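Student: I have a structure I would like to understand better, so I am pasting it below and will then ask my questions one at a time.
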Number of protein chains: 2
Amino acid sequence: CIILNRTQELMYGRYTQELGVYAKEEAARLRDGGGLRRSTSVRSRSAELLEYEKDPCAKCHVCTSRCQKFLISRVGEDWIFLILLGLVMALVNSWVCWVMDYTIGNGRRKWMYGGLNSNMLLQYLAWVTYPVVLITFSAGFTQILAPQAVGSGIPEMKTILRGVVLKEYLTFKTFVAKVIGLTCALGSGMPLGKEGPFVHVASLCAALLSKFMAALFGGIYMNELRNTEMLSAACAVGVGCCFAAPIGGVLFSIEVTSTFFAVRNYWRGFFAATFSAFIFRVLAVWNQDEETITALFKTRFRLDFPFDLQELPAFAILGIACGFGGALFVYLNRLIVECMRKQKTINKFLLRKRLVFPAMVTLIISTLTFPPGFGQFMAGQLTQHESLVALLDNRTWSCQGVAEEFDYISHSHAWKHPQVNVFITLVFFIVMKFWMSAVATTMPVPCGAFMPVFLIGAAFGRLVGETMAVMFPDGIHADGSVYPIVPGGYAVVGAAALSGAVTHTVSTAVIVFELTGQISHILPVMIAVILANAVAQSLQPSLYDSIIRIKKLPYLPELGMGHHEKYNVRVEDIMVRDVRYITLSSSYRDVQEVLLTGQLKALALVESTDSMILLGSIERSQLQSLLSLQLGPSRRLDHLRRHAKDNDTHTLDTHTHLSNLGTMDNPLSPPCTHTHSNSTNTSARHGVRFVVSVAEVSRTHALLNPLPQIAEWEEQQLDEPVDFNNCKIDPAPFQLVERTSLHKTHTIFSLLGLDHAYVTSTGRLVGVVSLRELRKAIEGSVTVTGVKVRPPLASFRDSGNNTTSVSEVTELHKLWNHHRGLSLPREPTPPDMEDQLDDINMYYQLRSTVITLQVRR
Amino acid sequence: CIILNRTQELMYGRYTQELGVYAKEEAARLRDGGGLRRSTSVRSRSAELLEYEKDPCAKCHVCTSRCQKFLISRVGEDWIFLILLGLVMALVNSWVCWVMDYTIGNGRRKWMYGGLNSNMLLQYLAWVTYPVVLITFSAGFTQILAPQAVGSGIPEMKTILRGVVLKEYLTFKTFVAKVIGLTCALGSGMPLGKEGPFVHVASLCAALLSKFMAALFGGIYMNELRNTEMLSAACAVGVGCCFAAPIGGVLFSIEVTSTFFAVRNYWRGFFAATFSAFIFRVLAVWNQDEETITALFKTRFRLDFPFDLQELPAFAILGIACGFGGALFVYLNRLIVECMRKQKTINKFLLRKRLVFPAMVTLIISTLTFPPGFGQFMAGQLTQHESLVALLDNRTWSCQGVAEEFDYISHSHAWKHPQVNVFITLVFFIVMKFWMSAVATTMPVPCGAFMPVFLIGAAFGRLVGETMAVMFPDGIHADGSVYPIVPGGYAVVGAAALSGAVTHTVSTAVIVFELTGQISHILPVMIAVILANAVAQSLQPSLYDSIIRIKKLPYLPELGMGHHEKYNVRVEDIMVRDVRYITLSSSYRDVQEVLLTGQLKALALVESTDSMILLGSIERSQLQSLLSLQLGPSRRLDHLRRHAKDNDTHTLDTHTHLSNLGTMDNPLSPPCTHTHSNSTNTSARHGVRFVVSVAEVSRTHALLNPLPQIAEWEEQQLDEPVDFNNCKIDPAPFQLVERTSLHKTHTIFSLLGLDHAYVTSTGRLVGVVSLRELRKAIEGSVTVTGVKVRPPLASFRDSGNNTTSVSEVTELHKLWNHHRGLSLPREPTPPDMEDQLDDINMYYQLRSTVITLQVRR
């Protein structure tokens, strides 16, 4: 199902070329349009002709036309697209927030505290039913409409931005499923986030908007590279809009989705994310939710002395602990998914009843968080938003006691329990939420894990902070003045560190500043985030990479720093030697065969089967159009007409049938489905002939006479050599040599976003490497659990020349010796013609470039 | 002087390979070392042998050795290097700050207000002499020690990170000159910044540290790619340390120095910049300057209502105005430099007396800022730091009146003038500082322009803010509660916008947040910065690009979006067709010739002159070592010994002379200087022979007998074919085809950091494109003033096929036709042997791959 896209760099060259052409065409169209309009008006008002010509309106008209021209030429500019994208995303975000705040999000509490607070059982039922219904609906709706909408979306975007087109992930259906499913999932109050799905939604918006604009204006919006650039900006918009954090959004999206980042795209992300965040916050102000534009989770820590220098070790320890926690979270999440997959009975059951798993998980989690029950020990009644606001509070919970002046804000009130210490509540909260989040994010609904992790991190930070506050009630500072410890600051640091550890990003630090509106804790946050990253990266892959591996997405994994064996694997070890190619002298039959047996997007064009010198690559679609041109209905008709003229028997009857025949489909499009059936060359070919025959028979059953002639004509046409004159050939496909190391190949593939590269040896095509081979080679030595398996071919080489570090570049002398031995024979051969010819032949045969054969033919 | 470095990607493949090898060697060395140590100890204490073996110390010894091993293997890790780098930069920054605060920086004020406040003339002399002396010293010192230290350093770093090695910019001399010169320049109180020089200093630190570590530990520190990665981290450290802004530093350095950014290097910058900023601030705390770690220019704006929504248009206008201002600043700066260059008399005078210009400029600027004189209208007595602190003040100057309760902070006091309004002071300040900064940054001292521009922006923002405060004394907000306007917020926005406009970066926004310690104005800042960038980028290049053009650094310019003609220029239009190459059958004489006539770092290796099939590329140094191996002293000696044995006449006498001869230099190293003289092939060759002869004659004048034999032997040796067996050959040099568009070439060159690529046509080498040709081609159509000149060859093609947009990929059919006409002759040739041979010959001759000749030989 996955269609690999064609080389980006080729696209690249065309981008602005198309722009230029588009502008010209547009101008021509407008000129025509203006002319047309004028001519119609002239025709309708031919009496007013003279007045019209003298009218000042004519000038006005020209002006309007010019304006229109200007507008249309401007419509292709990036910033218009980005503004539209930002606007749409801000609206989506506001809608989700509004729904959460005023309808489904608060529904549960309304039910519980509205009429039911007399009966505990009814309360429990209300508390539990509500999320179960929402989650089940969300899961079912997504499952039915677009199963691609399930999950975070960041792994998929990472794959798409790598250059692999996952078409079904960017459809309107997915958009609807994602937005509706996400709203319901969030409304259920489960520990789910919206940040990953927002990245996906923004990308969907960008893709759909591109399609829409392409349909309206064409030209520049058709360009694939431009769309990829816009997708990368859209990811920034997704994060930026979700947290109202433009800078953090841009950085996070870069870290999470890119390998190599083009700095010239930087401003796009900033622009779109800022605009989106701005509109989102402005809508909140207009909605009277806020007085002015401020941060989402505004903190009010003191500015003059945010933290003491001696608190830094505590922050560092917090960071390291968060690193271990983050790795544990990723591990737990993967363990749950793998458990469910491996247990065959569970797996079967889940596959049959897909809605049972989310409903069950929701039931358990809801039951455990039921506020009058176990939930009272873990602030179960609070939503994620409320919990986070409470955790980032700048008062110290433990010092000010549990009861006194502590309950004037309802959010903090939830953390207080008459019998239990605030520390125990926090520990309970952290432990329960930890596994709950890990489980909940595996549910098949659109959901992210960032926000739950962020919340757990904040709670852990708050715990450490409260502990510090108890240990040093008057602060640590030595010089007279008392600066008590601010546990809220620890919460901020913990949140950034844990989310950074889970996602392997540093930019959560920036997100945290933008979320809280305070940057005073910059150094502790940076230190903790970096330490957490260092720990987590050495233990586990990031959550998104883990999901990519679980989902088996076609993503090129990163090469770790410690994998020395990568330098022993060469392209020749991993390349596919059986390359599909066409030669300059190929017949149409060869082309048909090649098209039917392979599914590559582009085919190599070599000089001849003997020389194998690579001339370029031709796109599959080009070859298909060549073939359909040769066998197409117009040529068919021509042939039949000529045939009819020759025979001169049928007059009217045949002609109507001929026109029937003329409307026959392109004979190649249906047979393409045959390529899925793994049939061999010959059988597939027969299959095609069969299908074409069936079509012909069914359509032309009345036309008995010309059928054998057509079949004969077709055979004849297929035997003709291909005419490449009107065919687009890419003369510079990407080439590697056999000795290129895996590391270099990986770098080049990631840099240029290639999906395949030809392997040549002194100009001759000897193999092809595609993303699949590369991935296999890398994953062959890096398994998920960390056990390294060497690729089979590397071990030979390793034992041979492990003393020299330059093996990649020194071994050409073998080739040279080989040449030398042949091309400069020491013993002089007798000047006999026959011998000389043999010599030449042997030489070329050994070089496998026997071009002489072709000359003889 | 500029030596282009070799292909980065090749390096890349070797990086971790070297690491692995290094680790092995290291382990081996340790094993040997351990063995050696033990054996010596055994020898020395042979009596204690038995006790020693049983001693628990033996275990301890093993432990120590293991620890040592571990330590040495760890010393190559990145983070150790980054910590060292951060530490050094923090120390440098602290030192500069300390010198500024306690010694030279405050010297001027001390002089003026110390004993001289009775006499105005003495005061003036003190005010003027002090900076003139400092600047003159700085200019002179830099000029004498290392002229490369002049200026900002960011343009140079941009060029170096692009892959061009400007060796003399990264020496210890430059480091000393830059640090000393910068300190003096800053101490003078001129409007100069330290941020650009800090980037350079940090890079110098990284380069020197790398060299130092390479000398100590070898191995991994020798790797060029690693050093480039470290340089890129160093740039982040430079900015991050200078402003104590780690995040902004990383982003700014990415925006300013990179084209494509590898996300895997991200953490390095963050880590090093955070560490450096942390140490810098910790040193300030230990130094009792600060109570704890806070921002450099801490602001105290209100958090609850930072700005009103209706103020946003004012912020937007501020941003747009800053955009124009930024473009004007860049233009003015370039104008001054170009004026001085074009005016021949000025130019001559300045070249002769290099110190006059900075002294003169300093004199004029000092005179104008003299506080009792004109300086009283522009707060002339304040340093940059003090001015900025005053401008970011959160009180409103205009509302609270000029006199009342306004002078309790000395900094703000300076802005008050008994007769003149604060608005006039601000306008004066902005106008004067604007041209002063533009002039001052052209002085030949180490200085940056970021901080002056930042200051002007802040003043401009303050001006707008004060105006707003006067216009809306009770704030704009409609709902009852009064929130007065905060002009300090406008100052923050203005500073970010103007510096962003001048440098074409968005990350000044982040720097501003980190500098002020408040992020509450994030949306206004982002909006203003983006608008300022949009305006400035459409009018002028960034300041750094402008300097790159002025200094004519070998930097590959960016391709603008509007340059459609780029897609009509092909590699074949710009490539050098006269490629220097060596063949497999080349003699040493050919190699010598090629080495002497060209200066390319790498040479193409082709199969033969006739086939021209590219086999790989060989580094110049490899060829030199091949040649010196062939003609080297050891072989010379061998030859002479053999010769002496044959003749058997001289016994002792010759041997001593022989050993003299044996120590003779490599005959190739001195002649290399001859290649500069543009001599033709043959004359250069004669020149070499001459030089070698002179060397021989001067060194062996006593040795009369064997000289003719040596010359003869040398000639004989040079005629031998080269033995490539021990030569490192890169089998995969980067290849393009003739029809590759300039745009694609540019992308590939910037992505992979190439400095040259071979142009091949079906495996045959037809040309080479280096950075120089590419730059020429791009600059040929983009001149500084914006007038576009089309490259001469593009116009032909444009007139031919401007109707088709796919001309890049369609024209292979010509080649095909050509082939077809030859390889598949329609008329069958008689099966005559002679004819067949002729056919083959013709075929290959026409393809210019006449390999048959070689076979016949």
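Residues in the structure tokens are numbered from 1 in each chain, the chains being A, B, ... in the order shown, and ligands are numbered from 1 in the order shown.
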For Ser188 in chain A, find every residue with an atom within 9 Å (counting only C-alpha atoms), except residues of its own chain fewer than 4 positions away, and show them as an MDAnalysis selection string.
Tutor: chainID A and resid 104:105 108 130:135 183:184 362
Student: Could you give me, as a list of chain:residue names, the residues within 9 Å of Thr441 in chain A, counting only C-alpha atoms and dropping anything in the same chain fewer than 5 positions from it?
Tutor: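 Contacts, with the query itself left out: A:Gly151, A:Ser152, A:Pro191, A:Leu192, A:Gly193, A:Asn333, A:Met436, A:Pro446, A:Cys447, A:Gly448, A:Ala449.
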Student: Among range 200-318 of chain A, which ones does DSSP place in alpha helix (DSSP H), written as a ChimeraX atom specification?
Tutor: /A:200-217,224-243,246-257,266-286,312-318
Student: Would you pick out the contacts of Leu626 in chain B at 10 Å or less, using only C-alpha atoms, so that residues sharing its chain but fewer than 2 positions from it are not included, and give the list as a PDB file with N, CA, C and O atoms, in the first residue's frame?
Tutor:
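This is the output file part16.pdb:
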ATOM      1  N   TYR B 588      55.350   8.223 -13.581  1.00  0.00           N
ATOM      2  CA  TYR B 588      55.606   9.150 -12.488  1.00  0.00           C
ATOM      3  C   TYR B 588      55.821  10.556 -13.006  1.00  0.00           C
ATOM      4  O   TYR B 588      55.519  11.531 -12.330  1.00  0.00           O
ATOM      5  N   VAL B 591      52.546  12.235 -13.263  1.00  0.00           N
ATOM      6  CA  VAL B 591      52.073  12.621 -11.933  1.00  0.00           C
ATOM      7  C   VAL B 591      52.754  13.900 -11.485  1.00  0.00           C
ATOM      8  O   VAL B 591      52.120  14.828 -10.987  1.00  0.00           O
ATOM      9  N   ARG B 620      45.925  14.731  -3.379  1.00  0.00           N
ATOM     10  CA  ARG B 620      47.211  15.280  -3.775  1.00  0.00           C
ATOM     11  C   ARG B 620      48.348  14.745  -2.917  1.00  0.00           C
ATOM     12  O   ARG B 620      49.393  14.351  -3.421  1.00  0.00           O
ATOM     13  N   SER B 621      48.069  14.681  -1.596  1.00  0.00           N
ATOM     14  CA  SER B 621      49.124  14.246  -0.685  1.00  0.00           C
ATOM     15  C   SER B 621      49.526  12.796  -0.972  1.00  0.00           C
ATOM     16  O   SER B 621      50.692  12.434  -0.848  1.00  0.00           O
ATOM     17  N   GLN B 622      48.538  11.994  -1.383  1.00  0.00           N
ATOM     18  CA  GLN B 622      48.833  10.610  -1.725  1.00  0.00           C
ATOM     19  C   GLN B 622      49.792  10.542  -2.901  1.00  0.00           C
ATOM     20  O   GLN B 622      50.756   9.767  -2.898  1.00  0.00           O
ATOM     21  N   LEU B 623      49.514  11.353  -3.899  1.00  0.00           N
ATOM     22  CA  LEU B 623      50.374  11.355  -5.081  1.00  0.00           C
ATOM     23  C   LEU B 623      51.765  11.844  -4.731  1.00  0.00           C
ATOM     24  O   LEU B 623      52.771  11.310  -5.206  1.00  0.00           O
ATOM     25  N   GLN B 624      51.792  12.864  -3.884  1.00  0.00           N
ATOM     26  CA  GLN B 624      53.103  13.385  -3.479  1.00  0.00           C
ATOM     27  C   GLN B 624      53.908  12.304  -2.772  1.00  0.00           C
ATOM     28  O   GLN B 624      55.100  12.144  -3.018  1.00  0.00           O
ATOM     29  N   SER B 628      57.411  10.775  -3.877  1.00  0.00           N
ATOM     30  CA  SER B 628      58.607  10.858  -3.037  1.00  0.00           C
ATOM     31  C   SER B 628      59.093   9.470  -2.647  1.00  0.00           C
ATOM     32  O   SER B 628      60.268   9.273  -2.363  1.00  0.00           O
ATOM     33  N   LEU B 629      58.167   8.520  -2.663  1.00  0.00           N
ATOM     34  CA  LEU B 629      58.569   7.135  -2.424  1.00  0.00           C
ATOM     35  C   LEU B 629      59.447   6.641  -3.569  1.00  0.00           C
ATOM     36  O   LEU B 629      60.455   5.965  -3.365  1.00  0.00           O
ATOM     37  N   GLN B 630      59.036   7.021  -4.770  1.00  0.00           N
ATOM     38  CA  GLN B 630      59.758   6.575  -5.958  1.00  0.00           C
ATOM     39  C   GLN B 630      61.131   7.239  -6.065  1.00  0.00           C
ATOM     40  O   GLN B 630      62.109   6.585  -6.406  1.00  0.00           O
ATOM     41  N   LEU B 631      61.175   8.541  -5.748  1.00  0.00           N
ATOM     42  CA  LEU B 631      62.425   9.291  -5.906  1.00  0.00           C
ATOM     43  C   LEU B 631      63.086   9.575  -4.556  1.00  0.00           C
ATOM     44  O   LEU B 631      64.006  10.370  -4.469  1.00  0.00           O
ATOM     45  N   GLY B 632      62.550   8.961  -3.520  1.00  0.00           N
ATOM     46  CA  GLY B 632      62.981   9.311  -2.165  1.00  0.00           C
ATOM     47  C   GLY B 632      64.416   8.967  -1.861  1.00  0.00           C
ATOM     48  O   GLY B 632      65.075   8.228  -2.609  1.00  0.00           O
ATOM     49  N   VAL B 722      53.219   4.306 -12.743  1.00  0.00           N
ATOM     50  CA  VAL B 722      52.963   4.453 -11.307  1.00  0.00           C
ATOM     51  C   VAL B 722      52.390   3.156 -10.744  1.00  0.00           C
ATOM     52  O   VAL B 722      51.577   2.497 -11.382  1.00  0.00           O
ATOM     53  N   ASP B 723      52.835   2.820  -9.567  1.00  0.00           N
ATOM     54  CA  ASP B 723      52.294   1.661  -8.871  1.00  0.00           C
ATOM     55  C   ASP B 723      51.272   2.164  -7.843  1.00  0.00           C
ATOM     56  O   ASP B 723      51.625   2.752  -6.828  1.00  0.00           O
ATOM     57  N   PHE B 724      50.005   1.953  -8.158  1.00  0.00           N
ATOM     58  CA  PHE B 724      48.960   2.505  -7.287  1.00  0.00           C
ATOM     59  C   PHE B 724      48.605   1.582  -6.126  1.00  0.00           C
ATOM     60  O   PHE B 724      47.632   1.803  -5.435  1.00  0.00           O
ATOM     61  N   ASN B 725      49.398   0.551  -5.935  1.00  0.00           N
ATOM     62  CA  ASN B 725      48.978  -0.451  -4.962  1.00  0.00           C
ATOM     63  C   ASN B 725      48.847   0.070  -3.541  1.00  0.00           C
ATOM     64  O   ASN B 725      47.966  -0.342  -2.805  1.00  0.00           O
ATOM     65  N   ASN B 726      49.735   0.968  -3.168  1.00  0.00           N
ATOM     66  CA  ASN B 726      49.697   1.437  -1.795  1.00  0.00           C
ATOM     67  C   ASN B 726      49.090   2.820  -1.671  1.00  0.00           C
ATOM     68  O   ASN B 726      49.384   3.574  -0.768  1.00  0.00           O
ATOM     69  N   CYS B 727      48.211   3.119  -2.608  1.00  0.00           N
ATOM     70  CA  CYS B 727      47.675   4.469  -2.682  1.00  0.00           C
ATOM     71  C   CYS B 727      46.212   4.444  -2.280  1.00  0.00           C
ATOM     72  O   CYS B 727      45.456   3.547  -2.682  1.00  0.00           O
TER      73      CYS B 727
END
Student: Which is closest to chain A among B:Val263, B:Val99, B:Val766, B:Leu216, if we use only C-alpha atoms?
Tutor: B:Val263
Student: Set the distance at 12 Å and use only C-alpha atoms: which residues neighbour Met451 in chain B once local chain neighbours fewer than 6 positions away are removed? I'd like the list as a PyMOL selection string.
Tutor: chain B and resi 152+186+190-197+239+242-243+383-385+387-388+433-434+437-438+441+457-458+495-496+498-500+502-503+508+511-512+515
Student: Counting only C-alpha atoms, which residue out of A:Met213, A:Val529, A:Leu615, A:Val256 sits closest to chain B?
Tutor: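 So, comparing all the options, the nearest one is A:Leu615.
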Student: Using only C-alpha atoms, can you tell me which of B:Gly181, B:Pro733, B:Gly326, B:Pro452 comes closest to chain A?
Tutor: B:Pro733
